[in-house]
Amino acid sequence: MVLLLRAPESGMASSSATTRHLVLVGGGHSHALLLRLWRERPLPGVRLTLINPGRLAHYSGMVPGHIAGHYRLDEITIDLGRLADSAGARLVEGRATGIDREAKRIELGGGPAIAYDLLSLDIGIDTHMPDLPGFQDHARPAKPLGDFVAAWSNWCDALVRDAVAPRICVIGAGLAGVELAFAMRYRTGRLGRPAEIRLVESGRALASVGRRSRTTLLDRLRRQSILLEEETEIAAVTAGGVVLRNGERRAASFVLGTAGARARSWISETGLETHEGFVTVDRLLQSLTDPAIFACGDCAHVGFAPRPKAGVYAVRAAPVLFQNLRAALGEGHPRAFRPQSDYLKLVSLGGRVALADRGCLAVSGGWVWRWRDRIDRGFMRRFPTPGDSR
Ligand SMILES: Cc1cc2nc3c(=O)[nH]c(=O)nc-3n(C[C@H](O)[C@H](O)[C@H](O)COP(=O)(O)OP(=O)(O)OC[C@H]3O[C@@H](n4cnc5c(N)ncnc54)[C@H](O)[C@@H]3O)c2cc1C
């Protein structure tokens, strides 16, 4: 099949006649990998800029291990500044707030707008729950990861000083919520202050995993005395915990939100075609509305093959995005993104034990954790981290 890339050339707003400007918005998994590929094969005549709120990005696959205390923060942190440097790219520390597609400018909160010829979005999702009263003031969303890991570290310090009650409430019992609950259970136990941990889920827990794995994970939750309330709506978060829709209260000094996977709100004002706020892209990862804009990772909606939001798809999209952005800049041919229909989930169970889930396969043990550890460390070895001197 011949794939035709819609040419973004018309109305190019380049800052110079000869140099074109490729702007990457968001230092997510796809863009981090793309920068590595760009380092190996830069494109002459193309200026590359990365926009991200800070120099550092955390690798979500290792966040539960960090929360459990298995990994130091620097081991799970990508130094985007050095990564960009090594690829000959400029890092702009800022947050995109809008796109003027007519003028081909990306607007930044509190900084001058940046002109682009070609734009790629990899800005992930938001787990804030703005509609839940009290969430903003009293709960922590799992994303942004940086804020969450900092809040967790502060809470653990307060826990060992006896300054907070050892009670945690996790909103959402999907895979991320359950894995984090195991991690928190393990860590608080190691700190000598084992916390009561409660998962509250408005629907059915672990709806996305296979039947056998779900049974194993629910059994592990019971064995670790992690409380689970399914089909339970939270009406509000307060300084003392959560209030359920039926008026009952659940005390907690740390409330974590893992349930609200929402698209970044400003995307809906760009005029791009979206699905539930996520940028709809075609097989080439190109926006259906604007050929000068690509999107991938969690912020994209792959309408031709809808998939759950998972880092594995963002990783797989990176070489396709790399090739297709180059094709849009006149080098080579584009290729289609073919996301796999399912993927292997390796879920850590708190200690150095993990469960492997794929289809009807469900096995667990220390060897699964070590397998996952090798994969995750291998992923991180591709990037500069704050602690190393590469
Ligand atoms: C605790 C936890 C564990 C997980 N474990 C796994 C796992 O084991 N396997 C798996 O496949 N998935 C896992 N996931 C899901 C995974 O985190 C996401 O699917 C993955 O991170 C998506 O990557 P991304 O490239 O879309 O963007 P992200 O990794 O979310 O990165 C987005 C980047 O964009 C930046 N950004 C945001 N807004 C702006 C803006 N306006 N302007 C500029 N930059 C912006 C952010 O700061 C961030 O650096 C986990 C999620 C969580 C919360």
# chains A, B, ... in the order shown; residues from 1 in each chain; ligands from 1
>>> residues_near_ligand(ligand="ligand 1", cutoff="6 Å", atoms="only C-alpha atoms and all ligand atoms", output="ChimeraX atom specification")
/A:25-30,51-53,57,60-61,63-64,95-97,122-125,142-143,176,297-299,309-312,314
>>> select_by_dssp(residues="segment 78-289 of chain A", states="strand (DSSP E)", output="ChimeraX atom specification")
/A:78-79,90-93,96-100,105-108,111-115,118-121,139-141,167-171,196-200,227-229,234-238,241-244,249-251,254-257,274-275,278-281
>>> residues_around(residues="Glu233 of chain A", least_positions_apart="5", cutoff="9 Å", atoms="only C-alpha atoms", output="MDAnalysis selection string")
chainID A and resid 200:203 243:246
>>> atom_distance(atom1="atom CA of Arg370 of chain A", atom2="atom CA of Pro194 of chain A")
24.8 Å
>>> select_by_dssp(residues="segment 153-202 of chain A", states="helix (DSSP H, G or I)", output="tab-separated table (two decimals) with C-alpha atoms, in the first residue's frame")
chain	number	residue	atom	x	y	z
A	153	SER	CA	8.41	11.60	49.80
A	154	ASN	CA	7.15	14.45	52.05
A	155	TRP	CA	4.32	12.30	53.36
A	156	CYS	CA	6.72	9.43	54.19
A	157	ASP	CA	8.93	11.88	56.12
A	158	ALA	CA	5.88	13.06	58.05
A	159	LEU	CA	4.84	9.44	58.65
A	160	VAL	CA	8.12	8.50	60.33
A	175	LEU	CA	-3.79	-1.29	37.16
A	176	ALA	CA	-1.94	1.90	38.13
A	177	GLY	CA	-3.98	2.37	41.32
A	178	VAL	CA	-3.56	-1.25	42.40
A	179	GLU	CA	0.17	-1.33	41.63
A	180	LEU	CA	0.68	1.90	43.58
A	181	ALA	CA	-1.35	0.52	46.51
A	182	PHE	CA	0.96	-2.51	46.69
A	183	ALA	CA	3.98	-0.21	46.51
A	184	MET	CA	2.69	2.05	49.29
A	185	ARG	CA	1.88	-0.92	51.46
A	186	TYR	CA	5.39	-2.26	51.06
A	187	ARG	CA	7.10	1.09	51.66
A	188	THR	CA	5.13	2.02	54.77
A	189	GLY	CA	5.85	-1.46	56.16
A	190	ARG	CA	9.58	-0.95	55.55
>>> atom_distance(atom1="atom CA of Pro384 of chain A", atom2="atom CA of Tyr71 of chain A")
16.1 Å
>>> atom_distance(atom1="atom CA of Leu22 of chain A", atom2="atom CA of Ala113 of chain A")
14.3 Å
>>> residues_around(residues="Ala354 of chain A", least_positions_apart="2", cutoff="9 Å", atoms="only C-alpha atoms", output="list in words")
Leu346, Val347, Ser348, Leu349, Gly350, Gly351, Arg352, Ala356, Val363, Ser364, Gly365, Gly366, Trp367, Val368, Trp369, Arg370 and Arg372 of chain A
